[in-house]
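Engineer: Below you'll find work_31.tsv; it's TSV, C-alpha atoms.
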chain	number	residue	atom	x	y	z
A	154	MET	CA	3.38	-13.06	-25.66
A	155	ARG	CA	6.79	-11.45	-26.12
A	156	ARG	CA	5.14	-8.38	-27.61
A	157	LEU	CA	2.72	-8.21	-24.69
A	158	LEU	CA	5.60	-8.31	-22.19
A	159	GLY	CA	7.76	-5.97	-24.23
A	160	SER	CA	7.38	-3.06	-21.79
A	161	VAL	CA	8.91	-2.61	-18.36
A	162	ARG	CA	5.48	-1.67	-17.04
A	163	ALA	CA	3.94	-4.98	-18.11
A	164	ARG	CA	6.85	-7.04	-16.79
A	165	ALA	CA	6.83	-5.24	-13.44
A	166	THR	CA	3.07	-5.74	-13.09
A	167	LEU	CA	3.30	-9.43	-13.97
A	168	ALA	CA	6.23	-9.99	-11.59
A	169	ALA	CA	4.49	-8.24	-8.69
A	170	THR	CA	1.27	-10.16	-9.32
A	171	LEU	CA	3.09	-13.50	-9.46
A	172	VAL	CA	5.00	-12.79	-6.24
A	173	VAL	CA	1.81	-11.82	-4.42
A	174	ALA	CA	0.00	-14.86	-5.86
A	175	VAL	CA	2.70	-17.22	-4.59
A	176	ALA	CA	2.67	-15.53	-1.18
A	177	LEU	CA	-1.12	-15.73	-0.98
A	178	VAL	CA	-1.19	-19.39	-1.96
A	179	ALA	CA	1.48	-20.23	0.62
A	180	ALA	CA	-0.25	-18.19	3.33
A	181	GLY	CA	-3.68	-19.61	2.43
A	182	THR	CA	-2.37	-23.16	2.53
A	183	ALA	CA	-0.80	-22.55	5.93
A	184	VAL	CA	-4.02	-21.02	7.25
A	185	LEU	CA	-6.15	-23.90	5.97
A	186	LEU	CA	-3.80	-26.52	7.40
A	187	SER	CA	-3.64	-24.72	10.75
A	188	LEU	CA	-7.42	-24.30	10.83
A	189	ARG	CA	-8.00	-27.95	9.98
A	190	SER	CA	-5.47	-29.09	12.59
A	191	ASN	CA	-7.05	-26.95	15.31
A	192	LEU	CA	-10.58	-28.10	14.47
A	193	LEU	CA	-9.49	-31.74	14.36
A	194	GLY	CA	-7.82	-31.27	17.73
A	195	GLU	CA	-11.00	-29.78	19.16
A	196	ALA	CA	-13.06	-32.64	17.75
A	197	GLY	CA	-10.64	-35.17	19.25
A	198	THR	CA	-10.83	-33.42	22.62
A	199	SER	CA	-14.64	-33.39	22.49
A	200	ALA	CA	-14.74	-37.08	21.57
A	201	GLU	CA	-12.31	-37.95	24.37
A	202	ARG	CA	-14.43	-36.00	26.85
A	203	SER	CA	-17.54	-37.96	25.84
A	204	ALA	CA	-15.64	-41.26	26.04
A	205	ARG	CA	-14.30	-40.48	29.51
A	206	GLU	CA	-17.79	-39.62	30.77
A	207	VAL	CA	-19.02	-43.07	29.73
A	208	ALA	CA	-15.84	-44.67	31.07
A	209	ALA	CA	-16.42	-43.01	34.45
A	210	GLU	CA	-19.89	-44.55	34.58
A	211	LEU	CA	-18.44	-47.96	33.75
A	212	ALA	CA	-15.76	-47.58	36.41
A	213	ALA	CA	-18.51	-46.79	38.91
A	214	GLY	CA	-20.27	-50.08	38.02
A	215	THR	CA	-23.17	-48.63	36.01
A	216	PRO	CA	-24.98	-51.36	34.07
A	217	TYR	CA	-24.83	-51.25	30.28
A	218	ASP	CA	-28.49	-50.44	29.86
A	219	GLN	CA	-28.18	-47.40	32.13
A	220	LEU	CA	-25.19	-45.77	30.45
A	221	SER	CA	-25.54	-42.28	28.97
A	222	LEU	CA	-24.87	-43.29	25.38
A	223	ASP	CA	-27.28	-41.03	23.50
A	224	VAL	CA	-25.99	-37.60	24.55
A	225	ASP	CA	-25.95	-35.08	21.63
A	226	ASP	CA	-26.71	-37.92	19.17
A	227	ARG	CA	-23.05	-38.95	19.09
A	228	PRO	CA	-22.03	-42.52	18.27
A	229	VAL	CA	-20.72	-44.43	21.28
A	230	GLN	CA	-19.55	-48.03	21.51
A	231	VAL	CA	-18.37	-50.08	24.44
A	232	VAL	CA	-16.18	-53.05	23.50
A	233	ASP	CA	-14.82	-55.71	25.83
A	234	GLU	CA	-11.28	-57.03	25.81
A	235	ASP	CA	-12.27	-59.75	23.30
A	236	GLY	CA	-13.45	-57.17	20.76
A	237	ARG	CA	-17.14	-57.86	21.27
A	238	LEU	CA	-19.65	-55.02	21.37
A	239	VAL	CA	-21.35	-54.88	24.78
A	240	ALA	CA	-23.13	-51.51	24.52
A	241	ALA	CA	-23.84	-48.93	21.82
A	242	SER	CA	-25.92	-45.83	21.10
A	243	GLU	CA	-29.55	-46.67	20.47
A	244	ASP	CA	-29.81	-44.81	17.13
A	245	LEU	CA	-26.47	-46.08	15.79
A	246	GLU	CA	-27.05	-47.75	12.40
A	247	ARG	CA	-23.55	-48.04	10.90
A	248	ILE	CA	-20.04	-47.26	12.04
A	249	SER	CA	-16.45	-47.55	10.80
A	250	GLY	CA	-13.07	-46.52	12.16
A	251	THR	CA	-13.51	-48.05	15.63
A	252	GLY	CA	-12.62	-51.42	17.12
A	253	THR	CA	-15.68	-53.14	15.65
A	254	ALA	CA	-18.26	-52.44	12.97
A	255	ALA	CA	-21.09	-53.97	15.05
A	256	VAL	CA	-23.90	-51.64	16.10
A	257	ARG	CA	-25.92	-54.03	18.30
A	258	PRO	CA	-24.52	-55.65	21.46
A	259	GLU	CA	-23.94	-59.40	21.27
A	260	PRO	CA	-26.09	-61.52	23.60
A	261	GLY	CA	-24.20	-62.73	26.64
A	262	ALA	CA	-21.20	-60.50	25.99
A	263	GLY	CA	-19.51	-58.65	28.79
A	264	ALA	CA	-18.91	-61.44	31.33
A	265	ARG	CA	-15.33	-61.72	32.54
A	266	ASP	CA	-13.81	-65.03	31.48
A	267	ASP	CA	-10.27	-64.80	32.83
A	268	GLU	CA	-9.28	-62.53	35.66
A	269	ASP	CA	-5.57	-63.10	35.07
A	270	ASP	CA	-5.40	-60.92	31.94
A	271	ALA	CA	-7.49	-58.06	33.35
A	272	ASP	CA	-4.46	-55.86	33.99
A	273	ASP	CA	-3.62	-55.28	30.31
A	274	ASP	CA	-6.00	-53.29	28.09
A	275	GLY	CA	-4.08	-53.96	24.87
A	276	SER	CA	-2.50	-50.52	24.75
A	277	GLY	CA	0.43	-51.35	26.99
A	278	GLU	CA	-1.15	-49.50	29.95
A	279	SER	CA	-1.78	-51.48	33.17
A	280	LEU	CA	-4.92	-50.43	34.97
A	281	GLU	CA	-6.35	-51.16	38.39
A	282	PRO	CA	-10.06	-51.94	38.85
A	283	GLY	CA	-12.07	-48.73	38.60
A	284	GLU	CA	-9.21	-46.88	36.85
A	285	ILE	CA	-9.57	-45.09	33.51
A	286	GLY	CA	-6.74	-45.03	30.99
A	287	ALA	CA	-4.79	-41.77	30.78
A	288	VAL	CA	-4.05	-42.10	27.08
A	289	ALA	CA	-6.81	-42.01	24.47
A	290	ALA	CA	-6.29	-43.36	20.97
A	291	VAL	CA	-7.70	-41.17	18.20
A	292	SER	CA	-8.94	-42.35	14.80
A	293	ASP	CA	-11.14	-41.09	11.97
A	294	GLY	CA	-14.17	-42.83	10.57
A	295	SER	CA	-17.83	-42.41	9.75
A	296	ALA	CA	-21.12	-43.35	11.32
A	297	THR	CA	-24.81	-43.26	10.56
A	298	VAL	CA	-26.93	-42.07	13.48
A	299	ASP	CA	-30.69	-41.89	13.08
A	300	GLY	CA	-30.38	-41.86	9.30
A	301	ASP	CA	-27.69	-39.12	9.15
A	302	THR	CA	-24.25	-40.16	7.89
A	303	GLU	CA	-21.29	-38.01	8.87
A	304	ASP	CA	-17.56	-38.20	9.32
A	305	TYR	CA	-16.42	-38.50	12.92
A	306	ARG	CA	-13.24	-38.38	14.95
A	307	PHE	CA	-13.29	-41.21	17.46
A	308	ALA	CA	-11.50	-41.38	20.80
A	309	ALA	CA	-10.88	-44.75	22.43
A	310	VAL	CA	-10.54	-44.70	26.25
A	311	PRO	CA	-9.83	-47.91	28.19
A	312	VAL	CA	-11.37	-48.52	31.61
A	313	GLU	CA	-10.83	-51.37	34.06
A	314	THR	CA	-13.91	-52.70	35.86
A	315	GLU	CA	-14.13	-55.13	38.75
A	316	ASP	CA	-16.64	-57.59	37.30
A	317	ARG	CA	-16.49	-57.00	33.53
A	318	GLY	CA	-12.78	-56.81	32.87
A	319	THR	CA	-11.12	-54.25	30.61
A	320	LEU	CA	-13.54	-52.30	28.45
A	321	THR	CA	-12.86	-49.76	25.73
A	322	VAL	CA	-15.20	-46.85	25.12
A	323	TYR	CA	-15.33	-45.41	21.60
A	324	ALA	CA	-16.99	-42.02	21.33
A	325	GLY	CA	-17.19	-39.87	18.23
A	326	ALA	CA	-17.32	-36.13	17.60
A	327	PRO	CA	-18.66	-34.94	14.23
A	328	LEU	CA	-16.27	-33.34	11.74
A	329	SER	CA	-19.00	-31.35	10.03
A	330	ALA	CA	-17.83	-28.17	11.75
A	331	GLU	CA	-14.27	-28.80	10.55
A	332	HIS	CA	-15.40	-29.52	7.00
A	333	GLY	CA	-17.71	-26.50	7.01
A	334	ALA	CA	-15.06	-24.12	8.35
A	335	VAL	CA	-12.40	-25.34	5.94
A	336	SER	CA	-14.84	-25.20	3.03
A	337	THR	CA	-15.94	-21.69	3.96
A	338	ALA	CA	-12.36	-20.49	4.33
A	339	LEU	CA	-11.39	-22.10	1.01
A	340	THR	CA	-14.36	-20.50	-0.76
A	341	ALA	CA	-13.50	-17.11	0.70
A	342	MET	CA	-9.91	-17.50	-0.47
A	343	LEU	CA	-10.93	-18.59	-3.96
A	344	ILE	CA	-13.13	-15.50	-4.24
A	345	GLY	CA	-10.87	-13.05	-2.44
A	346	PHE	CA	-7.51	-14.04	-3.90
A	347	PRO	CA	-8.38	-13.18	-7.54
A	348	VAL	CA	-9.88	-9.87	-6.41
A	349	LEU	CA	-6.79	-9.10	-4.36
A	350	LEU	CA	-4.51	-10.07	-7.25
A	351	ALA	CA	-6.51	-7.82	-9.57
A	352	VAL	CA	-6.11	-4.95	-7.12
A	353	VAL	CA	-2.38	-5.60	-6.79
A	354	GLY	CA	-1.98	-5.79	-10.57
A	355	GLY	CA	-3.97	-2.59	-11.10
A	356	VAL	CA	-2.11	-0.66	-8.43
A	357	THR	CA	1.26	-1.89	-9.73
A	358	TRP	CA	0.30	-0.98	-13.30
A	359	LYS	CA	-0.73	2.53	-12.22
A	360	VAL	CA	2.26	3.14	-9.94
A	361	THR	CA	4.71	1.81	-12.54
A	362	GLY	CA	3.13	3.98	-15.22
A	363	ARG	CA	3.42	7.04	-12.98
A	364	ALA	CA	7.06	6.20	-12.21
A	365	LEU	CA	7.92	5.70	-15.89
A	366	ARG	CA	6.07	8.82	-17.09
A	367	PRO	CA	9.27	10.96	-16.97
A	368	VAL	CA	11.06	8.31	-19.05
A	369	GLU	CA	8.38	8.58	-21.71
A	370	GLY	CA	8.78	12.37	-21.65
A	371	ILE	CA	12.53	11.99	-22.16
A	372	ARG	CA	11.95	9.56	-25.03
A	373	ARG	CA	9.50	11.88	-26.79
A	374	GLU	CA	11.82	14.86	-26.48
A	375	MET	CA	14.77	12.83	-27.80
A	376	ALA	CA	12.66	11.73	-30.76
A	377	ALA	CA	11.75	15.36	-31.43
A	378	ILE	CA	15.41	16.41	-31.20
A	379	THR	CA	16.40	13.65	-33.61
A	380	ALA	CA	13.70	14.68	-36.08
A	381	SER	CA	14.52	18.40	-35.89
A	382	GLU	CA	18.32	17.97	-35.62
A	383	ASP	CA	18.26	20.83	-33.13
A	384	LEU	CA	20.89	19.96	-30.56
A	385	ALA	CA	20.17	23.13	-28.58
A	386	ARG	CA	17.02	21.53	-27.14
A	387	ARG	CA	17.13	19.65	-23.83
A	388	VAL	CA	15.05	16.86	-22.28
A	389	PRO	CA	12.94	17.64	-19.18
A	390	VAL	CA	14.53	16.82	-15.83
A	391	PRO	CA	12.00	15.56	-13.20
A	392	ALA	CA	12.26	16.98	-9.70
A	393	THR	CA	12.52	13.55	-8.10
A	394	TYR	CA	16.30	13.30	-7.64
A	395	ASP	CA	16.23	9.61	-8.50
A	396	GLU	CA	17.69	7.42	-11.25
A	397	ILE	CA	15.38	8.91	-13.88
A	398	ALA	CA	16.44	12.46	-12.96
A	399	ARG	CA	20.10	11.42	-13.22
A	400	LEU	CA	19.36	9.84	-16.60
A	401	ALA	CA	17.84	13.11	-17.81
A	402	LEU	CA	20.85	15.10	-16.56
A	403	THR	CA	23.26	12.72	-18.28
A	404	THR	CA	21.23	12.94	-21.49
A	405	ASN	CA	21.38	16.74	-21.40
A	406	GLU	CA	25.13	16.62	-20.80
A	407	THR	CA	25.49	14.32	-23.81
A	408	LEU	CA	23.40	16.69	-25.94
A	409	ALA	CA	25.55	19.63	-24.82
A	410	ALA	CA	28.73	17.73	-25.73
A	411	LEU	CA	27.28	16.82	-29.12
A	412	GLU	CA	26.24	20.44	-29.73
A	413	THR	CA	29.75	21.65	-28.87
A	414	SER	CA	31.32	19.05	-31.14
A	415	VAL	CA	29.04	19.88	-34.05
A	416	GLU	CA	29.66	23.60	-33.58
A	417	ARG	CA	33.41	23.02	-33.49
A	418	GLN	CA	33.19	20.94	-36.65
A	419	ARG	CA	31.17	23.61	-38.38
A	420	ARG	CA	33.71	26.29	-37.48
A	421	PHE	CA	36.52	24.07	-38.71
A	422	VAL	CA	34.79	23.44	-42.02
A	423	ALA	CA	34.15	27.14	-42.42
A	424	ASP	CA	37.78	27.98	-41.60
A	425	ALA	CA	39.02	25.21	-43.92
A	426	SER	CA	36.84	26.50	-46.73
A	427	HIS	CA	38.21	29.99	-46.18
A	428	GLU	CA	41.80	28.73	-46.08
A	429	LEU	CA	41.30	26.69	-49.24
A	430	ARG	CA	40.10	29.65	-51.26
A	431	SER	CA	43.37	31.63	-51.09
A	432	PRO	CA	45.83	28.89	-52.25
A	433	ILE	CA	43.42	27.63	-54.88
A	434	ALA	CA	42.89	31.16	-56.27
A	435	SER	CA	46.63	31.89	-56.13
A	436	LEU	CA	47.53	28.60	-57.78
A	437	ARG	CA	44.93	29.11	-60.49
A	438	THR	CA	46.21	32.62	-61.19
A	439	GLN	CA	49.81	31.40	-61.43
A	440	LEU	CA	48.86	28.56	-63.75
A	441	GLU	CA	46.86	30.88	-66.01
A	442	VAL	CA	49.76	33.37	-66.12
A	443	GLY	CA	52.21	30.53	-66.73
A	444	ALA	CA	50.09	29.21	-69.55
A	445	ALA	CA	49.99	32.65	-71.20
A	446	HIS	CA	53.49	33.76	-70.28
A	447	PRO	CA	55.72	30.85	-69.23
A	448	GLU	CA	58.63	33.19	-68.41
A	449	LEU	CA	56.51	34.82	-65.65
A	450	LEU	CA	55.62	31.50	-63.87
A	451	ASP	CA	56.41	31.64	-60.12
A	452	LEU	CA	57.21	27.97	-59.58
A	453	ASP	CA	58.16	28.34	-55.88
A	454	GLY	CA	54.88	30.05	-55.09
A	455	ALA	CA	52.96	27.30	-56.90
A	456	VAL	CA	54.74	24.62	-54.88
A	457	GLU	CA	54.05	26.48	-51.64
A	458	ASP	CA	50.34	26.77	-52.48
A	459	THR	CA	50.24	23.06	-53.33
A	460	VAL	CA	51.78	22.18	-49.96
A	461	ARG	CA	49.18	24.32	-48.18
A	462	LEU	CA	46.42	22.52	-50.06
A	463	GLN	CA	47.91	19.14	-49.13
A	464	ARG	CA	48.06	20.05	-45.44
A	465	LEU	CA	44.46	21.28	-45.42
A	466	ALA	CA	43.36	18.06	-47.12
A	467	ALA	CA	45.26	16.05	-44.50
A	468	ASP	CA	43.53	17.96	-41.68
A	469	LEU	CA	40.12	17.28	-43.23
A	470	LEU	CA	40.98	13.59	-43.59
A	471	LEU	CA	42.07	13.42	-39.95
A	472	LEU	CA	38.79	15.04	-38.85
A	473	ALA	CA	36.81	12.52	-40.87
A	474	ARG	CA	38.73	9.64	-39.22
A	475	LEU	CA	38.12	11.04	-35.75
A	476	ASP	CA	34.41	11.39	-36.47
A	477	ALA	CA	34.38	7.76	-37.67
A	478	GLY	CA	36.05	6.60	-34.44
A	479	SER	CA	39.49	5.98	-35.89
A	480	GLY	CA	42.49	7.58	-34.24
A	481	PRO	CA	45.38	9.29	-36.01
A	482	ARG	CA	48.15	7.25	-37.58
A	483	THR	CA	50.89	5.97	-35.33
A	484	PRO	CA	54.33	7.57	-35.42
A	485	GLY	CA	56.53	6.06	-38.13
A	486	SER	CA	53.72	5.71	-40.62
A	487	THR	CA	53.24	8.15	-43.42
A	488	SER	CA	51.34	11.09	-41.96
A	489	PRO	CA	48.53	12.54	-44.03
A	490	ARG	CA	49.91	15.94	-43.10
A	491	SER	CA	53.27	15.19	-44.66
A	492	PRO	CA	53.69	17.06	-47.92
A	493	GLY	CA	55.66	14.16	-49.40
A	494	ARG	CA	58.34	14.81	-51.92
A	495	ARG	CA	58.58	18.25	-53.37
A	496	PRO	CA	57.99	18.20	-57.11
A	497	ARG	CA	61.09	18.76	-59.06
A	498	GLY	CA	61.42	21.17	-61.88
A	499	GLY	CA	62.02	24.82	-62.39
A	500	THR	CA	63.63	26.40	-59.35
A	501	GLY	CA	62.17	23.88	-56.79
For the structure just supplied, provide its representation as structure tokens.
Structural biologist:
Amino acid sequence: MRRLLGSVRARATLAATLVVAVALVAAGTAVLLSLRSNLLGEAGTSAERSAREVAAELAAGTPYDQLSLDVDDRPVQVVDEDGRLVAASEDLERISGTGTAAVRPEPGAGARDDEDDADDDGSGESLEPGEIGAVAAVSDGSATVDGDTEDYRFAAVPVETEDRGTLTVYAGAPLSAEHGAVSTALTAMLIGFPVLLAVVGGVTWKVTGRALRPVEGIRREMAAITASEDLARRVPVPATYDEIARLALTTNETLAALETSVERQRRFVADASHELRSPIASLRTQLEVGAAHPELLDLDGAVEDTVRLQRLAADLLLLARLDAGSGPRTPGSTSPRSPGRRPRGGTG
């Protein structure tokens, strides 16, 4: 894994893909939640509308057997203030999530037993005869209508009647549209997100590779310069005027400084070699003459040549220390340029 992510191009592609993936997941979640909330709100509004239509018929005194309970095959229940089912959709076979699970009206239900408690529908809202409650309670459940079982959102609307007391109408709106829309949107996201991430990854990989192409050119040229030891060569400078172009310019400046330093060192070595030849030849000649004819030995000249050799050696040593990153000796210490004590003997 570390080797796979060892390049800037791979890391940039992975980072961009991860950022887009997180953004897509967050945006997709928000869209799904918003879509589901809107569809649930629409279903609740539709269920409340159906419940209020039935409640209006009850407020007008319509008998139970003449109520419009089978419109659009939606489950509808009418429950009295004692929780007994007094009317229901004809094709309703099973229901849950409402005030009662009964699907068939109870015989004799619906007569008003006590007129004193007719002003309270159980929801804290006092109603006058013929008045429909302004607030509808919403709940989720399921129902089986004519053999089809679906999830529904139910709205409960209270209504006050003159002869039957407080009744509550439960009407349901199917959630199949909500489930279908959310499922379709989720499927589209599950298919589209990977494709979009692949496109983002591919585009990022290509763009990053194009942006890093000058860096690869600089690297190859530096490798060629290192292999050939030709400091006169320079790396290509892209015409982008960005960080990579500045890197190339700095690299060329470094190569120019290195070339100047190497050339200076070469000239110094050549000059030092030339300077060393004269004192060495002179000293050798004097020693050979002194060995053959001691009375002709020029001791002062030999000492002078020795001092010149010592100073040249000290200069070479100082150059080697500077190349190694070590500065010259501090004052007070024995300088490598110091000739030391003059040798005694002869005329010295």
Engineer: The residues within 12 Å of (-24.8, -56.5, 19.6), using all atoms listed in the file and the coordinates of the file, should be reported as a PDB file with C-alpha atoms, in the frame of the given file; which are they?
Structural biologist:
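Written file, out_8.pdb:
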ATOM      1  CA  TYR A 217     -24.830 -51.250  30.280  1.00  0.00           C
ATOM      2  CA  GLN A 230     -19.550 -48.030  21.510  1.00  0.00           C
ATOM      3  CA  VAL A 231     -18.370 -50.080  24.440  1.00  0.00           C
ATOM      4  CA  VAL A 232     -16.180 -53.050  23.500  1.00  0.00           C
ATOM      5  CA  ASP A 233     -14.820 -55.710  25.830  1.00  0.00           C
ATOM      6  CA  GLY A 236     -13.450 -57.170  20.760  1.00  0.00           C
ATOM      7  CA  ARG A 237     -17.140 -57.860  21.270  1.00  0.00           C
ATOM      8  CA  LEU A 238     -19.650 -55.020  21.370  1.00  0.00           C
ATOM      9  CA  VAL A 239     -21.350 -54.880  24.780  1.00  0.00           C
ATOM     10  CA  ALA A 240     -23.130 -51.510  24.520  1.00  0.00           C
ATOM     11  CA  ALA A 241     -23.840 -48.930  21.820  1.00  0.00           C
ATOM     12  CA  SER A 242     -25.920 -45.830  21.100  1.00  0.00           C
ATOM     13  CA  GLU A 243     -29.550 -46.670  20.470  1.00  0.00           C
ATOM     14  CA  LEU A 245     -26.470 -46.080  15.790  1.00  0.00           C
ATOM     15  CA  GLU A 246     -27.050 -47.750  12.400  1.00  0.00           C
ATOM     16  CA  THR A 253     -15.680 -53.140  15.650  1.00  0.00           C
ATOM     17  CA  ALA A 254     -18.260 -52.440  12.970  1.00  0.00           C
ATOM     18  CA  ALA A 255     -21.090 -53.970  15.050  1.00  0.00           C
ATOM     19  CA  VAL A 256     -23.900 -51.640  16.100  1.00  0.00           C
ATOM     20  CA  ARG A 257     -25.920 -54.030  18.300  1.00  0.00           C
ATOM     21  CA  PRO A 258     -24.520 -55.650  21.460  1.00  0.00           C
ATOM     22  CA  GLU A 259     -23.940 -59.400  21.270  1.00  0.00           C
ATOM     23  CA  PRO A 260     -26.090 -61.520  23.600  1.00  0.00           C
ATOM     24  CA  GLY A 261     -24.200 -62.730  26.640  1.00  0.00           C
ATOM     25  CA  ALA A 262     -21.200 -60.500  25.990  1.00  0.00           C
ATOM     26  CA  GLY A 263     -19.510 -58.650  28.790  1.00  0.00           C
TER      27      GLY A 263
END
Engineer: When you draw a straight line from atom CA of A:Arg363 to atom CA of A:Arg164, how long is it in Å?
Structural biologist: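 Straight-line distance from atom CA of A:Arg363 to atom CA of A:Arg164 works out to 15.0 Å.
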Engineer: From the options A:Ala200, A:Leu211, A:Leu320, A:Ala401, which residue's atoms come nearest to A:Asp293, counting only C-alpha atoms?
Structural biologist: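 Selected residue with least distance to A:Asp293: A:Ala200.
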Engineer: For atom CA of A:Met375 and atom CA of A:Glu412, determine how far apart the two atoms are, in Å to one decimal place.
Structural biologist: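 That distance, rounded to one decimal, is 13.9 Å.
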Engineer: Report the distance between atom CA of A:Val442 and atom CA of A:Leu429 in Å, rounded to one decimal place.
Structural biologist: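 These atoms are spaced 20.0 Å apart.
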Engineer: Between A:Arg317, A:Arg373, A:Arg461, A:Arg162, which is the closest to A:Glu234 once you count only C-alpha atoms?
Structural biologist: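 The answer is A:Arg317, which sits nearest to A:Glu234.
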Engineer: Using only C-alpha atoms for the distances, tell me which of A:Thr340, A:Ser221, A:Thr393, A:Ser381 is nearest to A:Leu365.
Structural biologist: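 For A:Leu365, the nearest of the candidates is A:Thr393.
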Engineer: Distance cut-off 6 Å, centre (-20.1, -41.7, 13.2) in file coordinates, counting only C-alpha atoms: which residues qualify? Return them as a PDB file with C-alpha atoms, in the frame of the given file.
Structural biologist:
ATOM      1  CA  PRO A 228     -22.030 -42.520  18.270  1.00  0.00           C
ATOM      2  CA  ILE A 248     -20.040 -47.260  12.040  1.00  0.00           C
ATOM      3  CA  SER A 295     -17.830 -42.410   9.750  1.00  0.00           C
ATOM      4  CA  ALA A 296     -21.120 -43.350  11.320  1.00  0.00           C
ATOM      5  CA  THR A 297     -24.810 -43.260  10.560  1.00  0.00           C
ATOM      6  CA  GLU A 303     -21.290 -38.010   8.870  1.00  0.00           C
ATOM      7  CA  ASP A 304     -17.560 -38.200   9.320  1.00  0.00           C
ATOM      8  CA  TYR A 305     -16.420 -38.500  12.920  1.00  0.00           C
TER       9      TYR A 305
END
Engineer: For stretch 448-459 of chain A, list every protein, DNA or RNA residue within 6 Å, evaluated using all atoms listed in the file, and leave out those in the same chain fewer than 5 positions away; present the list as an NGL selection string.
Structural biologist: :A and (432 or 436 or 443)
Engineer: From the options A:Asp223, A:Asp395, A:Asp218, A:Glu206, which residue's atoms come nearest to A:Asp299, counting all atoms listed in the file?
Structural biologist: A:Asp223
Engineer: Using all atoms listed in the file, which residues sit within 9 Å of A:Ala409 once same-chain residues fewer than 5 positions away are excluded, as an MDAnalysis selection string?
Structural biologist: chainID A and resid 384:385 387 404 414
Engineer: If we count all atoms listed in the file and set the cut-off at 10 Å, which residues sit around A:Gly325, ignoring sequence neighbours fewer than 5 positions away in its own chain? Please answer as a ChimeraX atom specification.
Structural biologist: /A:196-197,199-204,226-230,250-251,291-296,304-309
Engineer: Return the single residue from A:Val161, A:Val178, A:Val348, A:Leu469 that is closest to A:Arg366, with distances computed using only C-alpha atoms.
Structural biologist: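 Counting only C-alpha atoms, the residue closest to A:Arg366 is A:Val161.
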Engineer: Rank nothing, just name the residue among A:Ser329, A:Thr379, A:Thr407, A:Ser279 nearest to A:Pro311, using all atoms listed in the file.
Structural biologist: A:Ser279
Engineer: Give me, as a list in words, all polymer residues having an atom no more than 10 Å from A:Phe346, counting only C-alpha atoms and skipping those fewer than 5 positions away in the same chain.
Structural biologist: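 Near A:Phe346, the qualifying residues are Val173, Ala174, Leu177, Val178, Gly181, Thr340, Ala341, Ala351 and Val352 of chain A.
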Engineer: Using the atoms already present, construct N, CA, C and O atoms for stretch 384-393 of chain A and hand them back as a CSV table (one decimal), keeping the file's coordinate frame.
Structural biologist:
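Full text of out_22.csv as output:
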chain,number,residue,atom,x,y,z
A,384,LEU,N,20.2,20.4,-31.8
A,384,LEU,CA,20.9,20.0,-30.6
A,384,LEU,C,20.9,21.0,-29.4
A,384,LEU,O,21.4,20.7,-28.3
A,385,ALA,N,20.3,22.1,-29.7
A,385,ALA,CA,20.2,23.1,-28.6
A,385,ALA,C,19.0,22.8,-27.6
A,385,ALA,O,19.0,23.4,-26.5
A,386,ARG,N,18.1,21.9,-28.0
A,386,ARG,CA,17.0,21.5,-27.1
A,386,ARG,C,17.5,20.6,-26.1
A,386,ARG,O,18.5,19.9,-26.2
A,387,ARG,N,16.8,20.5,-24.9
A,387,ARG,CA,17.1,19.6,-23.8
A,387,ARG,C,15.9,18.9,-23.4
A,387,ARG,O,14.8,19.3,-23.5
A,388,VAL,N,16.2,17.7,-22.8
A,388,VAL,CA,15.0,16.9,-22.3
A,388,VAL,C,14.6,17.4,-20.9
A,388,VAL,O,15.5,18.0,-20.2
A,389,PRO,N,13.4,17.2,-20.5
A,389,PRO,CA,12.9,17.6,-19.2
A,389,PRO,C,13.6,16.8,-18.1
A,389,PRO,O,13.7,15.6,-18.2
A,390,VAL,N,13.9,17.5,-17.0
A,390,VAL,CA,14.5,16.8,-15.8
A,390,VAL,C,13.5,16.8,-14.7
A,390,VAL,O,13.1,17.9,-14.2
A,391,PRO,N,13.0,15.6,-14.3
A,391,PRO,CA,12.0,15.6,-13.2
A,391,PRO,C,12.6,16.0,-11.9
A,391,PRO,O,13.8,15.8,-11.6
A,392,ALA,N,11.8,16.5,-11.0
A,392,ALA,CA,12.3,17.0,-9.7
A,392,ALA,C,12.2,15.9,-8.7
A,392,ALA,O,11.7,16.1,-7.5
A,393,THR,N,12.6,14.7,-9.0
A,393,THR,CA,12.5,13.6,-8.1
A,393,THR,C,13.9,13.2,-7.5
A,393,THR,O,13.9,12.4,-6.6
